[in-house]
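Contents: one structure, followed by commentary.
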Amino acid sequence: MSLHLYGLARTGSPIPPDLTGLGGNKILTETHGAILAVVGVVRGPVVETTRDNLLAHARVLEAIAASTTVLPMQFGVLFDETEQMRKVLETSHDRLMKLLDRFEGTVEMLVKAFYLEELVYKDVVRDNPEIARLRERTRSLPEDATYYDRIRLGELVQSALEELRGRDQAAIKDALSPHSIDIREEQPATAMMAAHIALLIERDAITSVTETVEGMRERFGPRMKLKVVGPLPPYTFAAGSLPVKAA
Amino acid sequence: MAMVASSGGMRTGPAPSGLADVVQLILDKGLVIDAFVRVSVIGIELITIDARIVVASVDTYLRFAEAVNRLDLTEARSGATIQDLQKGGAKEKAKGAIEGAKDTIGDKLPGNREKEEQKA
């Protein structure tokens with residue numbers, strides 16, 4: 001048996017009752033001075049990164065973040081016993097209180113944007129005469145005769161996509177910045193991902209963010225699919241390592 | 001609970017955040033107490049994340065070229081709707097350009113997340 005630490009909040013924070021976490025086990029709280037630790041019991045000395053476990057971790061933190069400030073732990077922070085956790089939290093008490101102060105009243109939101117392949121390629125062809133010309137040429141001749149033209153065409157398409165992504169990403173970021181305390185661009189994971197942006201916002205700015213994204217849907221039209229995730233605890237902005245002092 | 005509002009022209013209702021939305025966050029971000037992170041990657045094959053990074057290579061260029069060459073440009077610019085795309089399966093046509101390796105998270109993790117705890 002181990003103790004899995006989900007997150008840390010201020011003592012007295014309203015933690016929703018009857019939450020269950022990894023393994024369907026009840027979520028418990030332990031207070032250490034001004035810090036409240038949200039924990040759950042798990043079997044064994046390690047936790048497996050299964051779909052169910054990862055989602056359980058995320059769900060517990062999201063349920064808490066829906067109503068109060070919580071510092072989210074990375075998945076898999078385990079202690080053998082409460083006493084061990086107490087020592088670590090005591091060591092980090094001041095730093096944790098500073099972090100809790102810093103993130104008080106904030107939540108994280110993610111905004112992800114994806115291009116619809118067919119539509120974005122059409123725009124690329126229509127907006128770039130050289131691409132349109134090479135496309136016509138390579139379509140009308142046998143493949144063997146157009147090898148170098150096709151390479152050139154692909155090169156132009158890729159750079160046109162990158163240029164478009166750069167512009168769209170900047171436009172999305174600019175629209176969201178006024179509502180954000182902090183904003184971070186993550187690396188798009190695929191060629192069709194237009195933007196992946198993490199926002200730290202005041203809790204009362206959630207509606208402003210969703211409305212802003214709604215406006216962007218109209219602005220970008222059907223070529224882009226936009227997705228808003230949140231409110232989440234500040235995973236991206238509170239990321240870091242706590243010092244451990246050996247006793 | 002976090003909700004996802006997603007739309008590409010049509011409105012869809014909020015739904016709980018999916019694993020793909022949070023997996024990177026809870027495995028790579030968040031607060032960590034290094035010595036006490038003990039994760040086993042058993043079962044990780046259930047989750048794959050896209051690690052499709054488009055690199056500058058002849059192959060990549062040829063795939064982009066193929067994608068635009070397969071487009072049907074006969075319809076008007078504003079004529080295509082999401083519904084058309086879904087009906088026509090048009091997405092398939094352009095797929096080649098972003099084909100790439102899918103890494104499992106197991107590959108991404110160095111396999112050393114399983115750390116011995118220090119005696120406090």
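Note on naming: chains are A, B, ... as they come in the structure tokens, residues start from 1 per chain, ligands start from 1 in the order shown.
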Strand (DSSP E) residues, from DSSP on the backbone, in region 48-169 of chain A, as a VMD selection string:
chain A and resid 48 71 to 72 78 to 79 106 to 115
Excluding Leu153 (chain A) and any residue of its chain fewer than 4 positions from it, enumerate the residues within 9 Å of it, using only C-alpha atoms, and give them as a ChimeraX atom specification.
/A:130-132,134-135,138,148-149,157-158 /B:61-62,64-65,68
Can I get the selection written as a PDB file, in the first residue's frame, with C-alpha atoms?
```pdb
ATOM      1  CA  GLU A 130       3.433  29.223 -57.860  1.00  0.00           C
ATOM      2  CA  ILE A 131       1.919  26.279 -55.984  1.00  0.00           C
ATOM      3  CA  ALA A 132      -1.134  26.353 -58.244  1.00  0.00           C
ATOM      4  CA  LEU A 134       3.274  23.511 -60.198  1.00  0.00           C
ATOM      5  CA  ARG A 135       0.191  21.588 -59.190  1.00  0.00           C
ATOM      6  CA  THR A 138       2.596  17.862 -62.094  1.00  0.00           C
ATOM      7  CA  TYR A 148      11.816  17.524 -59.160  1.00  0.00           C
ATOM      8  CA  ASP A 149       8.720  19.616 -59.719  1.00  0.00           C
ATOM      9  CA  VAL A 157       3.312  23.655 -49.656  1.00  0.00           C
ATOM     10  CA  GLN A 158       5.166  22.951 -46.448  1.00  0.00           C
TER      11      GLN A 158
ATOM     12  CA  TYR B  61       7.809  17.065 -49.817  1.00  0.00           C
ATOM     13  CA  LEU B  62       6.495  14.339 -52.094  1.00  0.00           C
ATOM     14  CA  PHE B  64       2.689  17.264 -49.489  1.00  0.00           C
ATOM     15  CA  ALA B  65       2.757  17.410 -53.283  1.00  0.00           C
ATOM     16  CA  VAL B  68      -2.425  18.998 -53.034  1.00  0.00           C
TER      17      VAL B  68
END
```
Work out how far CA of Ala113 (chain A) is from CA of Ala170 (chain A), in Å to one decimal.
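It comes out at 12.0 Å.
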Which is closer to Thr69 (chain A) than all the others in A:Ile172, A:Met1, A:Ala238, A:Val41, using only C-alpha atoms?
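For Thr69 (chain A), the nearest of the candidates is A:Ala238.
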Would you please work out which residue, of A:Met109, A:Ala56, A:Val228, A:Leu96, is nearest to Val32 (chain B) when using only C-alpha atoms?
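Smallest separation from Val32 (chain B) among the options: A:Leu96.
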In region 3-190 of chain A, DSSP helix (DSSP H, G or I) residues written as JSON, numbers by chain:
{"A": [22, 23, 24, 51, 52, 53, 54, 55, 56, 57, 58, 59, 60, 61, 62, 63, 64, 65, 82, 83, 84, 85, 86, 87, 88, 89, 90, 91, 93, 94, 95, 96, 97, 98, 99, 100, 101, 102, 103, 117, 118, 119, 120, 121, 122, 123, 124, 125, 126, 127, 129, 130, 131, 132, 133, 134, 135, 136, 137, 138, 139, 140, 143, 144, 145, 146, 147, 148, 149, 150, 151, 152, 153, 154, 155, 156, 157, 158, 159, 160, 161, 162, 163, 164, 165, 166, 167, 168, 169, 170, 171, 172, 173, 174, 175, 176, 177, 178, 179]}
Need the shell around Met97 (chain A): protein/DNA/RNA residues with any atom at most 10 Å away, counting only C-alpha atoms. Skip same-chain ones fewer than 2 positions apart. Format as a PyMOL selection string?
chain A and resi 8-10+34-35+92-95+99-103
Selection from above, all heavy atoms, as a JSON list (two decimals), in the first residue's frame, can you write it?
```json
[["chain", "number", "residue", "atom", "x", "y", "z"],
["A", 8, "LEU", "N", -2.24, 19.77, -3.87],
["A", 8, "LEU", "CA", -2.14, 20.49, -2.60],
["A", 8, "LEU", "C", -2.99, 21.75, -2.67],
["A", 8, "LEU", "O", -2.99, 22.46, -3.67],
["A", 8, "LEU", "CB", -0.66, 20.87, -2.36],
["A", 8, "LEU", "CG", 0.31, 19.69, -2.31],
["A", 8, "LEU", "CD1", 1.74, 20.17, -2.50],
["A", 8, "LEU", "CD2", 0.17, 18.93, -1.00],
["A", 9, "ALA", "N", -3.70, 21.99, -1.59],
["A", 9, "ALA", "CA", -4.54, 23.18, -1.52],
["A", 9, "ALA", "C", -4.31, 23.85, -0.16],
["A", 9, "ALA", "O", -3.51, 23.38, 0.65],
["A", 9, "ALA", "CB", -6.01, 22.80, -1.69],
["A", 10, "ARG", "N", -4.99, 24.95, 0.04],
["A", 10, "ARG", "CA", -4.92, 25.64, 1.31],
["A", 10, "ARG", "C", -5.82, 24.92, 2.31],
["A", 10, "ARG", "O", -6.91, 24.46, 1.95],
["A", 10, "ARG", "CB", -5.46, 27.05, 1.08],
["A", 10, "ARG", "CG", -4.80, 28.14, 1.81],
["A", 10, "ARG", "CD", -5.39, 29.44, 1.33],
["A", 10, "ARG", "NE", -4.70, 29.95, 0.15],
["A", 10, "ARG", "CZ", -3.57, 30.64, 0.23],
["A", 10, "ARG", "NH1", -3.04, 30.90, 1.41],
["A", 10, "ARG", "NH2", -2.98, 31.07, -0.86],
["A", 34, "ALA", "N", -0.76, 24.93, 7.18],
["A", 34, "ALA", "CA", -1.69, 25.67, 6.30],
["A", 34, "ALA", "C", -1.94, 24.92, 5.00],
["A", 34, "ALA", "O", -2.66, 25.40, 4.14],
["A", 34, "ALA", "CB", -1.12, 27.06, 6.02],
["A", 35, "ILE", "N", -1.29, 23.75, 4.85],
["A", 35, "ILE", "CA", -1.41, 23.02, 3.58],
["A", 35, "ILE", "C", -2.29, 21.79, 3.72],
["A", 35, "ILE", "O", -2.16, 21.02, 4.69],
["A", 35, "ILE", "CB", -0.01, 22.61, 3.07],
["A", 35, "ILE", "CG1", 0.77, 23.88, 2.71],
["A", 35, "ILE", "CG2", -0.10, 21.69, 1.86],
["A", 35, "ILE", "CD1", 2.24, 23.63, 2.51],
["A", 92, "SER", "N", 8.98, 21.66, 2.46],
["A", 92, "SER", "CA", 8.61, 22.56, 1.35],
["A", 92, "SER", "C", 7.52, 23.54, 1.74],
["A", 92, "SER", "O", 6.99, 24.24, 0.86],
["A", 92, "SER", "CB", 8.11, 21.72, 0.17],
["A", 92, "SER", "OG", 9.03, 20.72, -0.15],
["A", 93, "HIS", "N", 7.17, 23.60, 3.02],
["A", 93, "HIS", "CA", 6.00, 24.36, 3.44],
["A", 93, "HIS", "C", 5.99, 25.79, 2.91],
["A", 93, "HIS", "O", 5.01, 26.24, 2.31],
["A", 93, "HIS", "CB", 5.89, 24.36, 4.97],
["A", 93, "HIS", "CG", 4.62, 24.97, 5.47],
["A", 93, "HIS", "ND1", 4.47, 26.33, 5.65],
["A", 93, "HIS", "CD2", 3.42, 24.42, 5.79],
["A", 93, "HIS", "CE1", 3.24, 26.58, 6.07],
["A", 93, "HIS", "NE2", 2.58, 25.44, 6.16],
["A", 94, "ASP", "N", 7.10, 26.51, 3.09],
["A", 94, "ASP", "CA", 7.12, 27.93, 2.71],
["A", 94, "ASP", "C", 7.01, 28.10, 1.20],
["A", 94, "ASP", "O", 6.30, 28.96, 0.71],
["A", 94, "ASP", "CB", 8.39, 28.60, 3.23],
["A", 94, "ASP", "CG", 8.39, 28.67, 4.76],
["A", 94, "ASP", "OD1", 7.32, 28.33, 5.36],
["A", 94, "ASP", "OD2", 9.42, 29.04, 5.35],
["A", 95, "ARG", "N", 7.72, 27.24, 0.50],
["A", 95, "ARG", "CA", 7.68, 27.34, -0.95],
["A", 95, "ARG", "C", 6.28, 27.02, -1.48],
["A", 95, "ARG", "O", 5.77, 27.68, -2.40],
["A", 95, "ARG", "CB", 8.70, 26.35, -1.54],
["A", 95, "ARG", "CG", 8.58, 26.27, -3.02],
["A", 95, "ARG", "CD", 9.84, 25.95, -3.75],
["A", 95, "ARG", "NE", 9.51, 25.92, -5.17],
["A", 95, "ARG", "CZ", 9.76, 24.89, -5.96],
["A", 95, "ARG", "NH1", 10.39, 23.83, -5.49],
["A", 95, "ARG", "NH2", 9.41, 24.94, -7.21],
["A", 99, "LEU", "N", 3.65, 29.31, -3.62],
["A", 99, "LEU", "CA", 3.01, 28.85, -4.87],
["A", 99, "LEU", "C", 1.50, 28.97, -4.78],
["A", 99, "LEU", "O", 0.84, 29.42, -5.71],
["A", 99, "LEU", "CB", 3.38, 27.39, -5.15],
["A", 99, "LEU", "CG", 4.68, 27.11, -5.91],
["A", 99, "LEU", "CD1", 4.89, 25.61, -6.04],
["A", 99, "LEU", "CD2", 4.65, 27.76, -7.29],
["A", 100, "LEU", "N", 0.95, 28.58, -3.62],
["A", 100, "LEU", "CA", -0.50, 28.67, -3.46],
["A", 100, "LEU", "C", -0.97, 30.13, -3.54],
["A", 100, "LEU", "O", -2.00, 30.43, -4.12],
["A", 100, "LEU", "CB", -0.92, 28.03, -2.13],
["A", 100, "LEU", "CG", -1.05, 26.51, -2.17],
["A", 100, "LEU", "CD1", -1.12, 25.91, -0.77],
["A", 100, "LEU", "CD2", -2.29, 26.08, -2.98],
["A", 101, "ASP", "N", -0.18, 31.03, -2.96],
["A", 101, "ASP", "CA", -0.50, 32.47, -3.06],
["A", 101, "ASP", "C", -0.50, 32.90, -4.51],
["A", 101, "ASP", "O", -1.37, 33.62, -4.98],
["A", 101, "ASP", "CB", 0.52, 33.32, -2.29],
["A", 101, "ASP", "CG", 0.28, 33.26, -0.79],
["A", 101, "ASP", "OD1", -0.82, 32.82, -0.39],
["A", 101, "ASP", "OD2", 1.19, 33.64, -0.03],
["A", 102, "ARG", "N", 0.55, 32.47, -5.21],
["A", 102, "ARG", "CA", 0.73, 32.90, -6.59],
["A", 102, "ARG", "C", -0.42, 32.43, -7.49],
["A", 102, "ARG", "O", -0.83, 33.13, -8.40],
["A", 102, "ARG", "CB", 2.06, 32.35, -7.11],
["A", 102, "ARG", "CG", 2.53, 33.01, -8.37],
["A", 102, "ARG", "CD", 3.92, 32.53, -8.75],
["A", 102, "ARG", "NE", 3.94, 32.21, -10.16],
["A", 102, "ARG", "CZ", 4.67, 31.26, -10.70],
["A", 102, "ARG", "NH1", 5.46, 30.52, -9.93],
["A", 102, "ARG", "NH2", 4.63, 31.04, -11.98],
["A", 103, "PHE", "N", -0.93, 31.24, -7.23],
["A", 103, "PHE", "CA", -1.96, 30.68, -8.11],
["A", 103, "PHE", "C", -3.37, 30.85, -7.57],
["A", 103, "PHE", "O", -4.33, 30.38, -8.17],
["A", 103, "PHE", "CB", -1.66, 29.21, -8.41],
["A", 103, "PHE", "CG", -0.46, 29.04, -9.30],
["A", 103, "PHE", "CD1", 0.77, 28.68, -8.78],
["A", 103, "PHE", "CD2", -0.56, 29.31, -10.65],
["A", 103, "PHE", "CE1", 1.88, 28.58, -9.60],
["A", 103, "PHE", "CE2", 0.54, 29.20, -11.48],
["A", 103, "PHE", "CZ", 1.77, 28.83, -10.94]]
```
Would you list the contacts of Gly21 (chain A) as a compact mmCIF listing (two decimals) with all heavy atoms, in the first residue's frame, taking every protein, DNA or RNA residue within 7 Å and counting only C-alpha atoms, but skipping same-chain residues closer than 5 positions in sequence?
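As a result, selection_15.txt now contains:
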```txt
# COMPACT_ATOMS: atom_id res chain seq x y z
N LYS A 26 -11.45 5.97 -2.23
CA LYS A 26 -11.93 7.26 -1.75
C LYS A 26 -10.76 8.26 -1.60
O LYS A 26 -9.67 7.89 -1.20
CB LYS A 26 -12.60 7.05 -0.39
CG LYS A 26 -13.56 8.13 -0.01
CD LYS A 26 -14.36 7.69 1.23
CE LYS A 26 -14.93 8.90 1.98
NZ LYS A 26 -15.32 10.03 1.17
N ILE A 27 -11.05 9.49 -1.95
CA ILE A 27 -10.06 10.55 -1.80
C ILE A 27 -10.08 11.07 -0.36
O ILE A 27 -11.15 11.30 0.22
CB ILE A 27 -10.37 11.70 -2.79
CG1 ILE A 27 -10.17 11.24 -4.23
CG2 ILE A 27 -9.55 12.93 -2.50
CD1 ILE A 27 -8.78 10.69 -4.51
N GLY A 40 -4.85 9.58 -1.86
CA GLY A 40 -5.65 8.37 -1.95
C GLY A 40 -4.74 7.18 -1.77
O GLY A 40 -3.54 7.26 -2.04
N ALA A 56 -8.26 8.93 -13.86
CA ALA A 56 -8.70 9.09 -12.47
C ALA A 56 -7.95 10.26 -11.81
O ALA A 56 -8.54 11.10 -11.13
CB ALA A 56 -8.47 7.80 -11.68
N HIS A 57 -6.65 10.31 -12.05
CA HIS A 57 -5.82 11.40 -11.50
C HIS A 57 -6.33 12.75 -12.01
O HIS A 57 -6.56 13.68 -11.24
CB HIS A 57 -4.37 11.17 -11.93
CG HIS A 57 -3.40 12.18 -11.40
ND1 HIS A 57 -2.88 12.10 -10.12
CD2 HIS A 57 -2.84 13.28 -11.96
CE1 HIS A 57 -2.05 13.11 -9.92
NE2 HIS A 57 -2.00 13.85 -11.02
N VAL A 60 -9.92 13.74 -10.54
CA VAL A 60 -9.91 14.22 -9.15
C VAL A 60 -9.47 15.69 -9.12
O VAL A 60 -10.12 16.54 -8.51
CB VAL A 60 -8.95 13.36 -8.28
CG1 VAL A 60 -8.67 14.04 -6.94
CG2 VAL A 60 -9.55 11.97 -8.06
```
Would you list the contacts of region 185-188 of chain A as a list in words, taking every protein, DNA or RNA residue within 7 Å and counting only C-alpha atoms, but skipping same-chain residues closer than 5 positions in sequence?
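What passes the distance filter is Met193, Ala194, Ala195, His196, Ile197 and Ala198 of chain A.
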Store the residues picked out above in a file with C-alpha atoms, as a PDB file, in the first residue's frame.
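Final file, result-v3.pdb:
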```
ATOM      1  CA  MET A 193      -2.228  21.305 -35.691  1.00  0.00           C
ATOM      2  CA  ALA A 194      -2.503  25.065 -35.979  1.00  0.00           C
ATOM      3  CA  ALA A 195      -1.949  26.002 -32.352  1.00  0.00           C
ATOM      4  CA  HIS A 196      -1.606  24.551 -28.886  1.00  0.00           C
ATOM      5  CA  ILE A 197      -1.786  27.253 -26.247  1.00  0.00           C
ATOM      6  CA  ALA A 198      -1.882  27.017 -22.453  1.00  0.00           C
TER       7      ALA A 198
END
```
Here is a test: counting only C-alpha atoms, which residue of A:His32, A:Arg139, A:Arg165, A:Arg203 is nearest to chain B?
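Between A:His32, A:Arg139, A:Arg165, A:Arg203, the residue approaching chain B most closely is A:Arg139.
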Work out how far apart CA of Leu25 (chain B) and CA of Asn25 (chain A) are and give it in Å to one decimal.
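That distance, rounded to one decimal, is 22.5 Å.
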For Thr236 (chain A), work out the shell of residues within 9 Å, counting only C-alpha atoms and skipping chain neighbours fewer than 2 positions away, then give it as a list of chain:residue names.
A:Glu108, A:Arg184, A:Ala198, A:Leu199, A:Leu200, A:Pro233, A:Pro234, A:Ala238, A:Ala239, B:Leu25, B:Asp28, B:Lys29, B:Gly30
How would the residues just chosen look if you wrote them out with all heavy atoms as an mmCIF file, in the first residue's frame?
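Output file out.cif follows:
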```
data_model
loop_
_atom_site.group_PDB
_atom_site.id
_atom_site.type_symbol
_atom_site.label_atom_id
_atom_site.label_comp_id
_atom_site.auth_asym_id
_atom_site.auth_seq_id
_atom_site.Cartn_x
_atom_site.Cartn_y
_atom_site.Cartn_z
ATOM 1 N N GLU A 108 -6.118 26.910 -15.263
ATOM 2 C CA GLU A 108 -5.464 26.774 -16.568
ATOM 3 C C GLU A 108 -6.512 26.368 -17.609
ATOM 4 O O GLU A 108 -7.433 25.603 -17.312
ATOM 5 C CB GLU A 108 -4.367 25.702 -16.487
ATOM 6 C CG GLU A 108 -3.660 25.454 -17.819
ATOM 7 C CD GLU A 108 -2.370 24.621 -17.665
ATOM 8 O OE1 GLU A 108 -1.744 24.650 -16.572
ATOM 9 O OE2 GLU A 108 -1.996 23.948 -18.632
ATOM 10 N N ARG A 184 1.292 30.422 -22.772
ATOM 11 C CA ARG A 184 2.423 29.665 -23.306
ATOM 12 C C ARG A 184 2.037 28.888 -24.562
ATOM 13 O O ARG A 184 0.999 28.240 -24.590
ATOM 14 C CB ARG A 184 2.940 28.693 -22.248
ATOM 15 C CG ARG A 184 4.392 28.964 -21.906
ATOM 16 C CD ARG A 184 4.820 28.203 -20.700
ATOM 17 N NE ARG A 184 4.721 29.027 -19.490
ATOM 18 C CZ ARG A 184 5.121 28.618 -18.299
ATOM 19 N NH1 ARG A 184 5.620 27.415 -18.150
ATOM 20 N NH2 ARG A 184 5.014 29.422 -17.260
ATOM 21 N N ALA A 198 -1.462 27.162 -23.852
ATOM 22 C CA ALA A 198 -1.882 27.017 -22.453
ATOM 23 C C ALA A 198 -2.036 28.411 -21.858
ATOM 24 O O ALA A 198 -1.173 29.265 -22.037
ATOM 25 C CB ALA A 198 -0.854 26.214 -21.674
ATOM 26 N N LEU A 199 -3.149 28.625 -21.159
ATOM 27 C CA LEU A 199 -3.423 29.925 -20.562
ATOM 28 C C LEU A 199 -3.561 29.794 -19.055
ATOM 29 O O LEU A 199 -4.209 28.868 -18.571
ATOM 30 C CB LEU A 199 -4.758 30.494 -21.057
ATOM 31 C CG LEU A 199 -5.078 30.487 -22.529
ATOM 32 C CD1 LEU A 199 -6.537 30.851 -22.724
ATOM 33 C CD2 LEU A 199 -4.190 31.493 -23.219
ATOM 34 N N LEU A 200 -2.970 30.740 -18.331
ATOM 35 C CA LEU A 200 -3.277 30.855 -16.912
ATOM 36 C C LEU A 200 -4.192 32.066 -16.787
ATOM 37 O O LEU A 200 -3.836 33.167 -17.218
ATOM 38 C CB LEU A 200 -1.992 31.062 -16.090
ATOM 39 C CG LEU A 200 -2.223 31.118 -14.573
ATOM 40 C CD1 LEU A 200 -2.573 29.732 -14.035
ATOM 41 C CD2 LEU A 200 -1.001 31.679 -13.858
ATOM 42 N N PRO A 233 -6.526 22.508 -13.252
ATOM 43 C CA PRO A 233 -5.554 23.078 -12.307
ATOM 44 C C PRO A 233 -4.310 23.496 -13.098
ATOM 45 O O PRO A 233 -4.107 23.016 -14.205
ATOM 46 C CB PRO A 233 -5.262 21.912 -11.370
ATOM 47 C CG PRO A 233 -5.577 20.687 -12.154
ATOM 48 C CD PRO A 233 -6.680 21.066 -13.101
ATOM 49 N N PRO A 234 -3.501 24.396 -12.560
ATOM 50 C CA PRO A 234 -2.402 24.969 -13.354
ATOM 51 C C PRO A 234 -1.215 24.019 -13.577
ATOM 52 O O PRO A 234 -0.091 24.310 -13.165
ATOM 53 C CB PRO A 234 -1.981 26.201 -12.536
ATOM 54 C CG PRO A 234 -2.343 25.854 -11.132
ATOM 55 C CD PRO A 234 -3.573 25.000 -11.205
ATOM 56 N N ALA A 238 2.406 25.654 -12.838
ATOM 57 C CA ALA A 238 2.929 25.309 -11.516
ATOM 58 C C ALA A 238 3.939 24.160 -11.622
ATOM 59 O O ALA A 238 4.381 23.635 -10.604
ATOM 60 C CB ALA A 238 1.787 24.927 -10.581
ATOM 61 N N ALA A 239 4.294 23.786 -12.847
ATOM 62 C CA ALA A 239 5.218 22.665 -13.028
ATOM 63 C C ALA A 239 6.549 22.986 -12.344
ATOM 64 O O ALA A 239 7.030 24.105 -12.398
ATOM 65 C CB ALA A 239 5.434 22.388 -14.504
ATOM 66 N N LEU B 25 -0.061 16.675 -19.844
ATOM 67 C CA LEU B 25 -0.002 17.538 -18.667
ATOM 68 C C LEU B 25 0.327 16.740 -17.422
ATOM 69 O O LEU B 25 1.178 17.139 -16.634
ATOM 70 C CB LEU B 25 -1.345 18.250 -18.472
ATOM 71 C CG LEU B 25 -1.730 19.292 -19.510
ATOM 72 C CD1 LEU B 25 -3.137 19.804 -19.229
ATOM 73 C CD2 LEU B 25 -0.744 20.448 -19.494
ATOM 74 N N ASP B 28 3.987 15.085 -17.760
ATOM 75 C CA ASP B 28 5.156 15.948 -17.952
ATOM 76 C C ASP B 28 5.112 17.239 -17.143
ATOM 77 O O ASP B 28 6.138 17.856 -16.912
ATOM 78 C CB ASP B 28 5.286 16.342 -19.430
ATOM 79 C CG ASP B 28 5.668 15.176 -20.304
ATOM 80 O OD1 ASP B 28 6.228 14.197 -19.758
ATOM 81 O OD2 ASP B 28 5.406 15.226 -21.506
ATOM 82 N N LYS B 29 3.913 17.670 -16.789
ATOM 83 C CA LYS B 29 3.808 18.952 -16.073
ATOM 84 C C LYS B 29 3.411 18.675 -14.629
ATOM 85 O O LYS B 29 3.510 17.565 -14.160
ATOM 86 C CB LYS B 29 2.786 19.853 -16.774
ATOM 87 C CG LYS B 29 3.021 20.020 -18.279
ATOM 88 C CD LYS B 29 4.145 20.994 -18.568
ATOM 89 C CE LYS B 29 4.540 21.034 -20.032
ATOM 90 N NZ LYS B 29 3.686 21.827 -20.871
ATOM 91 N N GLY B 30 2.880 19.686 -13.974
ATOM 92 C CA GLY B 30 2.490 19.497 -12.581
ATOM 93 C C GLY B 30 3.693 19.576 -11.655
ATOM 94 O O GLY B 30 4.840 19.659 -12.098
#
```
